[in-house]
Every structure is written in structure tokens, then in C-alpha cells.
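What's in entry.txt: compact mmCIF, C-alpha atoms
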```txt
# COMPACT_ATOMS: atom_id res chain seq x y z
CA MET W 3 -12.13 -72.29 -5.97
CA ILE W 4 -12.11 -69.34 -3.57
CA VAL W 5 -8.85 -67.39 -3.65
CA ILE W 6 -7.71 -64.52 -1.42
CA GLY W 7 -5.55 -62.03 -3.33
CA LEU W 8 -3.15 -59.77 -1.38
CA SER W 9 -1.47 -56.61 -2.64
CA SER W 10 0.56 -53.80 -1.10
CA SER W 11 1.71 -50.65 -2.87
CA ALA W 12 5.12 -48.99 -2.81
CA ALA W 13 3.72 -46.51 -0.28
CA VAL W 14 3.25 -49.37 2.22
CA ASP W 15 0.03 -47.74 3.39
CA VAL W 16 -2.40 -50.65 3.47
CA ILE W 17 -2.64 -54.32 2.55
CA ASP W 18 -5.40 -54.69 -0.03
CA ALA W 19 -7.23 -58.00 0.09
CA ALA W 20 -9.89 -59.41 -2.21
CA ALA W 21 -11.79 -62.69 -2.22
CA ALA W 22 -12.69 -64.21 -5.58
CA ASP W 23 -14.73 -67.29 -6.40
CA LEU W 24 -13.21 -68.64 -9.64
CA ASP W 25 -14.73 -71.33 -11.83
CA LEU W 26 -13.11 -72.47 -15.09
CA ARG W 27 -15.62 -73.89 -17.55
CA ALA W 28 -14.95 -76.53 -20.20
CA ASP W 29 -15.16 -73.97 -23.01
CA GLY W 30 -12.24 -71.99 -21.58
CA THR W 31 -14.39 -69.31 -19.98
CA LEU W 32 -13.22 -68.37 -16.50
CA HIS W 33 -15.96 -66.99 -14.26
CA LEU W 34 -14.80 -64.67 -11.46
CA ARG W 35 -17.31 -63.72 -8.78
CA PRO W 36 -16.02 -60.90 -6.54
CA LEU W 37 -16.92 -61.77 -2.95
CA GLY W 38 -15.61 -58.58 -1.38
CA HIS W 39 -12.50 -56.56 -0.64
CA ALA W 40 -10.93 -54.80 2.31
CA ALA W 41 -7.85 -52.79 3.21
CA TYR W 42 -5.86 -53.51 6.37
CA ALA W 43 -3.42 -50.96 7.74
CA TRP W 44 0.26 -51.77 8.15
CA PRO W 45 1.59 -51.27 11.70
CA ASP W 46 3.32 -47.88 11.79
CA ALA W 47 6.63 -49.25 13.09
CA LEU W 48 6.85 -51.92 10.39
CA ARG W 49 5.82 -49.48 7.68
CA ARG W 50 8.63 -47.10 8.67
CA ARG W 51 11.08 -49.99 8.74
CA VAL W 52 10.14 -51.14 5.23
CA LEU W 53 10.33 -47.62 3.82
CA ALA W 54 13.75 -47.14 5.45
CA ALA W 55 15.01 -50.25 3.62
CA LEU W 56 14.04 -49.10 0.13
CA PRO W 57 16.84 -48.14 -2.31
CA PRO W 58 19.14 -46.28 -2.16
CA ALA W 59 19.34 -47.18 1.54
CA ALA W 60 22.20 -49.47 2.59
CA VAL W 61 20.61 -52.45 4.36
CA ASP W 62 22.39 -55.52 5.72
CA MET W 63 21.12 -59.04 5.12
CA GLY W 64 20.05 -59.36 8.74
CA GLU W 65 17.50 -56.60 8.21
CA VAL W 66 16.33 -58.14 4.93
CA CYS W 67 15.82 -61.48 6.71
CA ALA W 68 13.92 -59.83 9.56
CA LEU W 69 11.71 -57.84 7.21
CA ASP W 70 10.93 -60.92 5.13
CA THR W 71 9.61 -62.62 8.26
CA LEU W 72 7.80 -59.59 9.71
CA VAL W 73 6.14 -58.70 6.40
CA GLY W 74 5.14 -62.35 5.93
CA GLN W 75 3.58 -62.43 9.38
CA GLU W 76 1.59 -59.27 8.67
CA LEU W 77 0.44 -60.52 5.27
CA GLY W 78 -0.54 -63.78 6.93
CA ALA W 79 -2.60 -61.92 9.52
CA ALA W 80 -4.32 -59.95 6.75
CA ALA W 81 -5.02 -63.14 4.82
CA ARG W 82 -6.51 -64.77 7.93
CA ARG W 83 -8.76 -61.76 8.48
CA ALA W 84 -9.77 -61.71 4.82
CA VAL W 85 -10.75 -65.39 4.91
CA ASP W 86 -13.21 -64.57 7.70
CA ASP W 87 -14.24 -61.05 6.67
CA LEU W 88 -14.72 -61.66 2.96
CA ALA W 89 -15.12 -65.39 2.37
CA GLY W 90 -17.10 -66.45 5.42
CA GLY W 91 -14.22 -68.61 6.63
CA ASP W 92 -14.20 -70.62 3.41
CA ALA W 93 -11.16 -70.13 1.15
CA ASP W 94 -8.91 -72.58 -0.69
CA LEU W 95 -5.84 -70.52 -1.55
CA VAL W 96 -3.99 -67.28 -0.84
CA ALA W 97 -2.14 -65.45 -3.62
CA SER W 98 0.33 -62.90 -2.26
CA HIS W 99 2.31 -60.42 -4.29
CA GLY W 100 4.38 -59.44 -1.26
CA GLN W 101 6.05 -56.09 -0.63
CA THR W 102 8.44 -55.00 -3.37
CA LEU W 103 11.81 -54.00 -1.99
CA HIS W 104 13.85 -53.81 -5.18
CA HIS W 105 13.57 -54.25 -8.94
CA TRP W 106 17.02 -54.87 -10.45
CA VAL W 107 17.31 -53.41 -13.96
CA VAL W 108 20.46 -53.33 -16.10
CA GLY W 109 20.48 -51.65 -19.49
CA GLY W 110 16.72 -51.36 -19.54
CA ARG W 111 16.19 -55.07 -18.86
CA ALA W 112 15.00 -56.56 -15.58
CA ARG W 113 17.52 -58.97 -14.09
CA GLY W 114 15.74 -59.72 -10.86
CA THR W 115 12.94 -58.61 -8.58
CA LEU W 116 12.59 -58.90 -4.82
CA GLN W 117 9.28 -59.03 -2.99
CA LEU W 118 9.39 -59.58 0.77
CA GLY W 119 6.85 -61.55 2.75
CA SER W 120 7.80 -65.14 3.56
CA PRO W 121 5.04 -67.39 2.15
CA ALA W 122 5.68 -69.94 4.90
CA TRP W 123 4.55 -67.40 7.50
CA ILE W 124 1.50 -66.51 5.39
CA ALA W 125 0.55 -70.17 5.07
CA GLU W 126 1.09 -70.72 8.79
CA ARG W 127 -1.12 -67.83 9.84
CA ALA W 128 -3.79 -68.16 7.16
CA ARG W 129 -3.83 -71.97 7.36
CA ARG W 130 -4.07 -72.05 3.58
CA PRO W 131 -1.59 -72.86 0.78
CA VAL W 132 0.03 -69.77 -0.70
CA VAL W 133 1.10 -68.78 -4.21
CA SER W 134 3.84 -66.16 -4.08
CA ASP W 135 6.83 -64.81 -6.06
CA LEU W 136 4.57 -63.96 -8.99
CA ARG W 137 7.08 -61.99 -11.08
CA ALA W 138 10.33 -63.99 -11.03
CA ALA W 139 9.44 -66.59 -13.68
CA ASP W 140 8.58 -63.87 -16.18
CA VAL W 141 11.88 -62.09 -15.51
CA ALA W 142 13.73 -65.38 -16.00
CA ALA W 143 12.03 -65.73 -19.39
CA GLY W 144 13.33 -62.32 -20.47
CA GLY W 145 10.40 -60.19 -19.31
CA GLN W 146 10.21 -57.17 -17.05
CA GLY W 147 7.97 -58.93 -14.54
CA ALA W 148 5.33 -56.33 -15.41
CA PRO W 149 2.71 -55.35 -16.33
CA LEU W 150 0.95 -58.47 -15.14
CA VAL W 151 -2.43 -56.73 -15.18
CA SER W 152 -2.51 -56.93 -18.98
CA LEU W 153 -3.68 -60.55 -18.81
CA LEU W 154 -6.69 -59.60 -16.69
CA ASP W 155 -7.41 -56.72 -19.06
CA VAL W 156 -7.45 -58.83 -22.22
CA LEU W 157 -9.40 -61.77 -20.74
CA TRP W 158 -11.96 -59.42 -19.22
CA LEU W 159 -12.29 -56.64 -21.80
CA GLY W 160 -11.19 -58.27 -25.06
CA ALA W 161 -13.73 -58.48 -27.85
CA GLU W 162 -14.73 -61.71 -29.54
CA PRO W 163 -12.43 -62.45 -32.51
CA GLY W 164 -13.93 -61.18 -35.74
CA ALA W 165 -16.50 -59.01 -33.97
CA GLY W 166 -15.15 -55.85 -35.59
CA ALA W 167 -15.40 -53.81 -32.39
CA ARG W 168 -13.02 -50.96 -31.77
CA PRO W 169 -10.45 -51.66 -29.05
CA THR W 170 -10.72 -50.78 -25.37
CA VAL W 171 -8.16 -49.03 -23.18
CA ALA W 172 -7.87 -50.30 -19.61
CA LEU W 173 -6.57 -47.32 -17.63
CA THR W 174 -5.21 -47.67 -14.10
CA VAL W 175 -4.81 -44.36 -12.29
CA ASP W 176 -3.02 -44.54 -8.97
CA ALA W 177 -0.09 -42.25 -8.14
CA ASP W 178 0.91 -42.76 -11.77
CA ALA W 179 -1.19 -43.87 -14.72
CA SER W 180 -0.70 -46.95 -16.88
CA ALA W 181 -2.71 -48.26 -19.79
CA THR W 182 -3.40 -51.42 -21.78
CA LEU W 183 -4.78 -51.32 -25.33
CA VAL W 184 -7.00 -54.37 -25.75
CA GLY W 185 -8.42 -55.63 -29.05
CA ALA W 186 -9.81 -59.12 -29.51
CA VAL W 187 -9.15 -61.95 -27.06
CA GLY W 188 -5.92 -63.63 -28.11
CA ASP W 189 -4.58 -60.64 -30.04
CA PRO W 190 -1.39 -58.91 -28.86
CA VAL W 191 -1.92 -56.15 -26.31
CA LEU W 192 0.01 -52.91 -25.99
CA THR W 193 0.93 -51.51 -22.57
CA TRP W 194 2.55 -48.24 -21.59
CA ASP W 195 2.99 -45.64 -18.84
CA ALA W 196 0.37 -42.97 -19.45
CA GLY W 197 1.73 -40.15 -17.28
CA PRO W 198 0.96 -38.85 -13.79
CA GLY W 199 -2.06 -40.20 -11.97
CA THR W 200 -3.40 -38.84 -8.68
CA ARG W 201 0.04 -37.58 -7.70
CA LEU W 202 -0.46 -33.98 -8.88
CA VAL W 203 -3.96 -33.66 -7.40
CA ASP W 204 -2.83 -35.14 -4.09
CA ASP W 205 0.12 -32.75 -3.94
CA ALA W 206 -2.16 -29.77 -4.64
CA VAL W 207 -4.58 -30.82 -1.89
CA GLN W 208 -1.75 -31.06 0.65
CA GLN W 209 -0.32 -27.61 -0.05
CA PRO W 210 -1.21 -25.00 2.69
CA GLY W 211 -3.15 -22.17 1.17
CA ALA W 212 -4.15 -24.18 -1.82
CA GLY W 213 -7.61 -23.45 -3.15
CA PRO W 214 -10.13 -25.24 -5.39
CA GLU W 215 -8.59 -23.65 -8.47
CA ASP W 216 -5.24 -25.30 -7.69
CA VAL W 217 -6.85 -28.73 -7.44
CA GLU W 218 -8.75 -28.12 -10.67
CA ALA W 219 -5.55 -27.04 -12.44
CA ALA W 220 -3.73 -30.17 -11.27
CA ALA W 221 -6.62 -32.34 -12.45
CA GLU W 222 -6.68 -30.54 -15.80
CA LEU W 223 -2.95 -31.07 -16.37
CA THR W 224 -3.25 -34.73 -15.40
CA ALA W 225 -6.24 -35.30 -17.67
CA VAL W 226 -4.62 -33.60 -20.66
CA THR W 227 -1.42 -35.60 -20.22
CA ILE W 228 -3.26 -38.92 -20.01
CA ALA W 229 -5.56 -38.07 -22.94
CA CYS W 230 -2.58 -37.13 -25.13
CA SER W 231 -0.87 -40.38 -24.19
CA LEU W 232 -3.95 -42.39 -25.12
CA ALA W 233 -4.31 -40.54 -28.42
CA ALA W 234 -0.68 -41.27 -29.31
CA GLN W 235 -1.20 -45.03 -28.88
CA ALA W 236 -4.72 -45.36 -30.28
CA PRO W 237 -5.20 -47.00 -33.70
CA ALA W 238 -6.49 -45.05 -36.66
CA GLY W 239 -10.13 -45.84 -35.89
CA GLY W 240 -9.84 -44.73 -32.26
CA VAL W 241 -10.99 -46.66 -29.21
CA GLU W 242 -14.51 -47.57 -28.11
CA ARG W 243 -14.10 -46.92 -24.40
CA VAL W 244 -11.64 -46.20 -21.61
CA VAL W 245 -12.21 -48.33 -18.51
CA ILE W 246 -10.72 -46.57 -15.49
CA SER W 247 -9.71 -48.14 -12.18
CA GLY W 248 -7.50 -47.27 -9.24
CA ALA W 249 -7.63 -44.28 -6.92
CA GLY W 250 -8.26 -41.95 -9.86
CA ALA W 251 -11.61 -43.62 -10.52
CA ARG W 252 -12.84 -42.10 -7.23
CA SER W 253 -11.79 -38.57 -8.17
CA LEU W 254 -14.85 -36.96 -9.72
CA VAL W 255 -12.95 -33.88 -10.85
CA LEU W 256 -10.25 -35.95 -12.55
CA ARG W 257 -12.79 -38.20 -14.26
CA ASP W 258 -14.77 -35.19 -15.43
CA ARG W 259 -11.73 -33.52 -16.99
CA LEU W 260 -10.50 -36.74 -18.57
CA ALA W 261 -13.89 -37.40 -20.14
CA ALA W 262 -13.83 -33.87 -21.56
CA HIS W 263 -10.53 -34.51 -23.34
CA LEU W 264 -11.30 -37.92 -24.84
CA PRO W 265 -12.18 -37.95 -28.54
CA PRO W 266 -15.87 -37.87 -29.50
CA GLY W 267 -17.29 -41.37 -29.54
CA THR W 268 -14.98 -42.64 -26.79
CA SER W 269 -16.73 -43.27 -23.48
CA LEU W 270 -15.14 -43.23 -20.01
CA VAL W 271 -16.39 -46.12 -17.85
CA ALA W 272 -15.46 -46.99 -14.27
CA ALA W 273 -14.41 -50.60 -13.73
CA ASP W 274 -17.11 -50.81 -11.04
CA GLU W 275 -19.78 -50.36 -13.71
CA LEU W 276 -18.50 -53.52 -15.39
CA GLY W 277 -18.43 -55.58 -12.20
CA LEU W 278 -14.85 -55.18 -10.98
CA PRO W 279 -14.28 -52.92 -7.94
CA SER W 280 -11.91 -50.11 -8.95
CA ASP W 281 -10.23 -50.02 -5.55
CA ALA W 282 -9.37 -53.71 -5.58
CA LYS W 283 -8.41 -54.48 -9.17
CA GLU W 284 -4.82 -55.35 -8.28
CA ALA W 285 -5.84 -57.65 -5.44
CA TYR W 286 -8.29 -59.43 -7.74
CA LEU W 287 -5.51 -59.66 -10.33
CA PHE W 288 -3.32 -61.59 -7.92
CA ALA W 289 -6.21 -63.86 -6.99
CA LEU W 290 -6.60 -64.60 -10.71
CA LEU W 291 -2.87 -65.24 -11.16
CA GLY W 292 -2.79 -67.52 -8.14
CA PHE W 293 -5.68 -69.54 -9.55
CA LEU W 294 -4.00 -69.83 -12.95
CA GLY W 295 -0.66 -70.72 -11.37
CA VAL W 296 -1.93 -73.72 -9.41
CA HIS W 297 -3.70 -74.95 -12.53
CA GLY W 298 -0.53 -74.70 -14.60
CA VAL W 299 -1.86 -71.93 -16.85
CA PRO W 300 0.51 -69.13 -18.01
CA GLY W 301 -0.10 -65.76 -16.40
CA THR W 302 0.96 -63.30 -19.10
CA ALA W 303 -0.73 -61.85 -22.18
CA PRO W 304 0.63 -61.83 -25.75
CA GLY W 305 2.38 -58.64 -26.78
CA PRO W 306 3.92 -57.24 -29.97
CA GLN W 307 6.83 -58.76 -31.89
CA ARG W 308 6.10 -62.34 -30.85
CA ARG W 309 6.77 -61.60 -27.21
CA GLN W 310 4.57 -61.33 -24.18
CA ALA W 311 3.23 -57.96 -23.02
CA THR W 312 5.92 -58.07 -20.33
CA GLY W 313 8.65 -58.56 -22.93
CA ALA W 314 9.16 -62.22 -22.07
CA ARG W 315 10.14 -64.63 -24.84
CA ARG W 316 7.28 -66.99 -24.04
CA PRO W 317 4.28 -67.31 -21.75
CA VAL W 318 5.17 -68.78 -18.35
CA VAL W 319 3.30 -70.12 -15.36
CA LEU W 320 3.72 -67.62 -12.52
CA GLY W 321 4.26 -68.18 -8.82
CA SER W 322 5.58 -70.75 -6.37
CA LEU W 323 3.36 -72.85 -4.13
CA THR W 324 3.86 -73.11 -0.37
CA PRO W 325 3.65 -75.80 0.90
CA PRO W 326 4.87 -77.52 -2.28
CA THR W 327 2.32 -80.34 -2.08
CA PRO W 328 0.14 -79.92 -5.21
CA LEU W 329 -3.45 -78.90 -4.67
CA PRO W 330 -6.06 -81.44 -5.74
CA VAL W 331 -7.07 -79.50 -8.85
CA PRO W 332 -7.65 -80.95 -12.31
CA ALA W 333 -5.19 -80.25 -15.09
CA VAL W 334 -6.35 -77.57 -17.51
CA ARG W 335 -6.30 -78.78 -21.10
CA THR W 336 -8.40 -76.03 -22.69
CA PRO W 337 -6.80 -72.58 -23.05
CA VAL W 338 -8.37 -69.87 -20.92
CA ARG W 339 -9.78 -67.43 -23.44
CA ARG W 340 -12.19 -65.17 -21.58
CA LEU W 341 -12.93 -63.85 -18.09
CA VAL W 342 -16.54 -63.25 -17.11
CA LEU W 343 -17.37 -61.30 -13.96
CA SER W 344 -20.36 -62.54 -12.01
CA THR W 345 -22.21 -60.16 -9.73
CA ALA W 346 -22.35 -60.64 -5.97
CA PRO W 347 -23.03 -58.41 -2.95
CA GLN W 348 -19.86 -56.53 -2.13
CA ALA W 349 -18.37 -56.35 1.34
CA LEU W 350 -17.84 -52.81 2.55
CA LEU W 351 -14.38 -51.44 1.85
CA THR W 352 -12.63 -50.81 5.16
CA SER W 353 -9.75 -48.51 4.45
CA PRO W 354 -7.73 -46.02 6.51
CA ARG W 355 -6.83 -44.12 3.35
CA GLY W 356 -9.61 -41.60 3.73
CA SER W 357 -11.56 -40.04 0.92
CA GLN W 358 -9.98 -39.09 -2.39
CA ARG W 359 -10.72 -35.84 -4.07
```
What do you get writing this file as C-alpha cells?
Amino acid sequence: MIVIGLSSSAAVDVIDAAAADLDLRADGTLHLRPLGHAAYAWPDALRRRVLAALPPAAVDMGEVCALDTLVGQELGAAARRAVDDLAGGDADLVASHGQTLHHWVVGGRARGTLQLGSPAWIAERARRPVVSDLRAADVAAGGQGAPLVSLLDVLWLGAEPGAGARPTVALTVDADASATLVGAVGDPVLTWDAGPGTRLVDDAVQQPGAGPEDVEAAAELTAVTIACSLAAQAPAGGVERVVISGAGARSLVLRDRLAAHLPPGTSLVAADELGLPSDAKEAYLFALLGFLGVHGVPGTAPGPQRRQATGARRPVVLGSLTPPTPLPVPAVRTPVRRLVLSTAPQALLTSPRGSQR
């Protein structure tokens, strides 16, 4: 099954799209072949309108309704382009995270989450069924609706049970950094916020009069903070490797300083080196979750204290299907236990972001 995954960050800068060819084998091994990824710019007027609606802004329901439609139309246009640009016109499903407008938290617990982008408009424009609303079921089951990426991390990077390998840390470095400690497939994973990501370096670059030493100092502070965070969560035997993705994976100075502060015997590896494009990890995540959702497979990883990594009481199937007519896919009776990335020529990344330092 070929799935288009769509993602948009809180900055509302671009819509990230990725095409994945997913094949679930009888032994529970899920093969994911990345077909390519691209980034499509939001229209300036719509971007400003979405940003103006973010909390603590007071927004009436008429504006929320309008934005839900307008964002859905734009996501649908991006999905349609991605079908042609990345999948050669051949795709079975679109998985859309939507644009987060609000995450309702009371007393440290998520009570609701709102992502805009009407799936009906996406389905209409992409001419494909759409899986959307990927966080709500987890919140309803007592979770935070995040981090969903921990499932991808454990299926992809988890060791074989009984192999005796030291664990891996999956590190995502965007504006902020987050991490997943992964042991063997099926074991509980630990997730946490690991400190600032590219935020400090980006701020230093944008300051008038700023010199190379300022950028280096920002990278040093970021690297030390992340390394200390990883050390605080690492088990007694340490970790085998840190697999980095996100915008920070493109920053040579940040990667150099982070590698310098990791303990001896711990390697720093870019996700690209293991077959998953660093720039598109989140979009591929949503493609994976969409695939699992239509097959009735839960989309969260086990966490500590008999809960999921998100804090949910139990694993749940994520997402809603539009239109609701079930896809002609076979029921999955074997648990998905591992994700294998297959190599394929990558489409060029088309992004208005510009280069990252």
C-alpha cells in the first residue's frame, strides 16, 4: 500500500509530505520503502491567519470553521501534488496530521486536542481516502496524544529480544529536542523533552552583528544541554548510538559539538544513514500511522508502569477514515513487531526553508 503522509509544524511554514510503500509480511515485519518527500509552502495570507488564531488569541467559531475548511483545502492540494510528485500518480491513502490549533491540558493531563484541516476537503482534492485526527483516541484513553513517534522509533530501531545489545536513543532536533530510549522490540520505551534544539542557533544567526563565535557558542550550549539530558536518562551500561533526525541533523556544527559531548563508545548517526530521511521523519511517521490505522493495528508504543509511552491506559487504534467506507485491506492477525526500511531513489527535497547552519 502506498500512503502519503502530511505534516505541518507549529510555525506553519511548510507542509511536509512523504510517500511510503508499506508491506506487512506474515511474520509481523513491516517493510517501509521511502519513495520521496517534499515540502510545499503555505500561502502567506493563510499562514498569517492560522498564526493569528493560536492561543491566547480570542477566536470566534466562524473563524475556526473557516480555517478548518481553508487548511483542509490546502492540505488536499499538497496531497494531490505529492501523489504526482512522489508516487507517480499511484497512491492508496493519505494520512494527515492537520494543523494543531490547541492542546487542552488540565492539571498536567491532556483533555483534548484540536487539529484543523477538514479531511473531507483533503479527500475531495486528493481523490483518495484520508486518515486524520490521529491523536484524539489516545487522549480519550488517558494519554497525552504524544509522542506518537515513539512507535516508529521502537519498531525501526529496537533490538531483537535477547540480543543483549545496548539501547539506542532516537533524538529529534527541531526547534526543541525530544528523545526516545529504545531497547528491544516490545520492551517499554522512555520518552522525554531533551532541551533546546535549533532554536538557540537560529536566534544567534538572526542577530545583527552576530559572528561565527556566537553561532558556535549557541551550538555548544545546545549540545551540552542535550548530552546532559541523555546522560541523565541512560541506563547504567550507557547507550550504543544516538540516531538524530530533524533540522538539527543538517547542522554540521551542532552535530559536531553533540558528538564531542557524548560518552566514549556512543556513536552519533544521522537517520539518513539508516534509510530514513531526517527532514521527513514526521511525515513518514504519519504515513505509518495511517497504514496501521486502516488495518486496525494500535499506533502507540508500550511505556513504563504498564501504560503506553503516551501515558494512555492501553494501546489504541489511531485515526478516523474519510470517507468511512472501509478500505479493502485484510485484517491483521499477527502483531507488528519490526519495521524494516527498504532503499529506493529519493525524490529531491523541494523546500522554501533555505539552508540550515
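If you look at CA of His297 (chain W) and CA of Pro337 (chain W), they are 11.2 Å away from each other.
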Query - Pairwise distance for CA of Lys283 (chain W) and CA of Val66 (chain W), rounded to one decimal in Å - result: 28.7 Å
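The gap separating CA of Gly100 (chain W) from CA of Thr115 (chain W) is 11.3 Å, in Å to one decimal.
Remark: residues at most 8 Å from position (-13.9, -58.5, -25.6) in file coordinates are W:Val156, W:Leu157, W:Trp158, W:Leu159, W:Gly160, W:Ala161, W:Glu162, W:Gly185, W:Ala186, W:Val187, W:Arg340, using all atoms listed in the file.
The closest residue to Pro36 (chain W), picked from W:Gly277, W:Pro198, W:Pro131, W:Gly114 and counting all atoms listed in the file, is W:Gly277.
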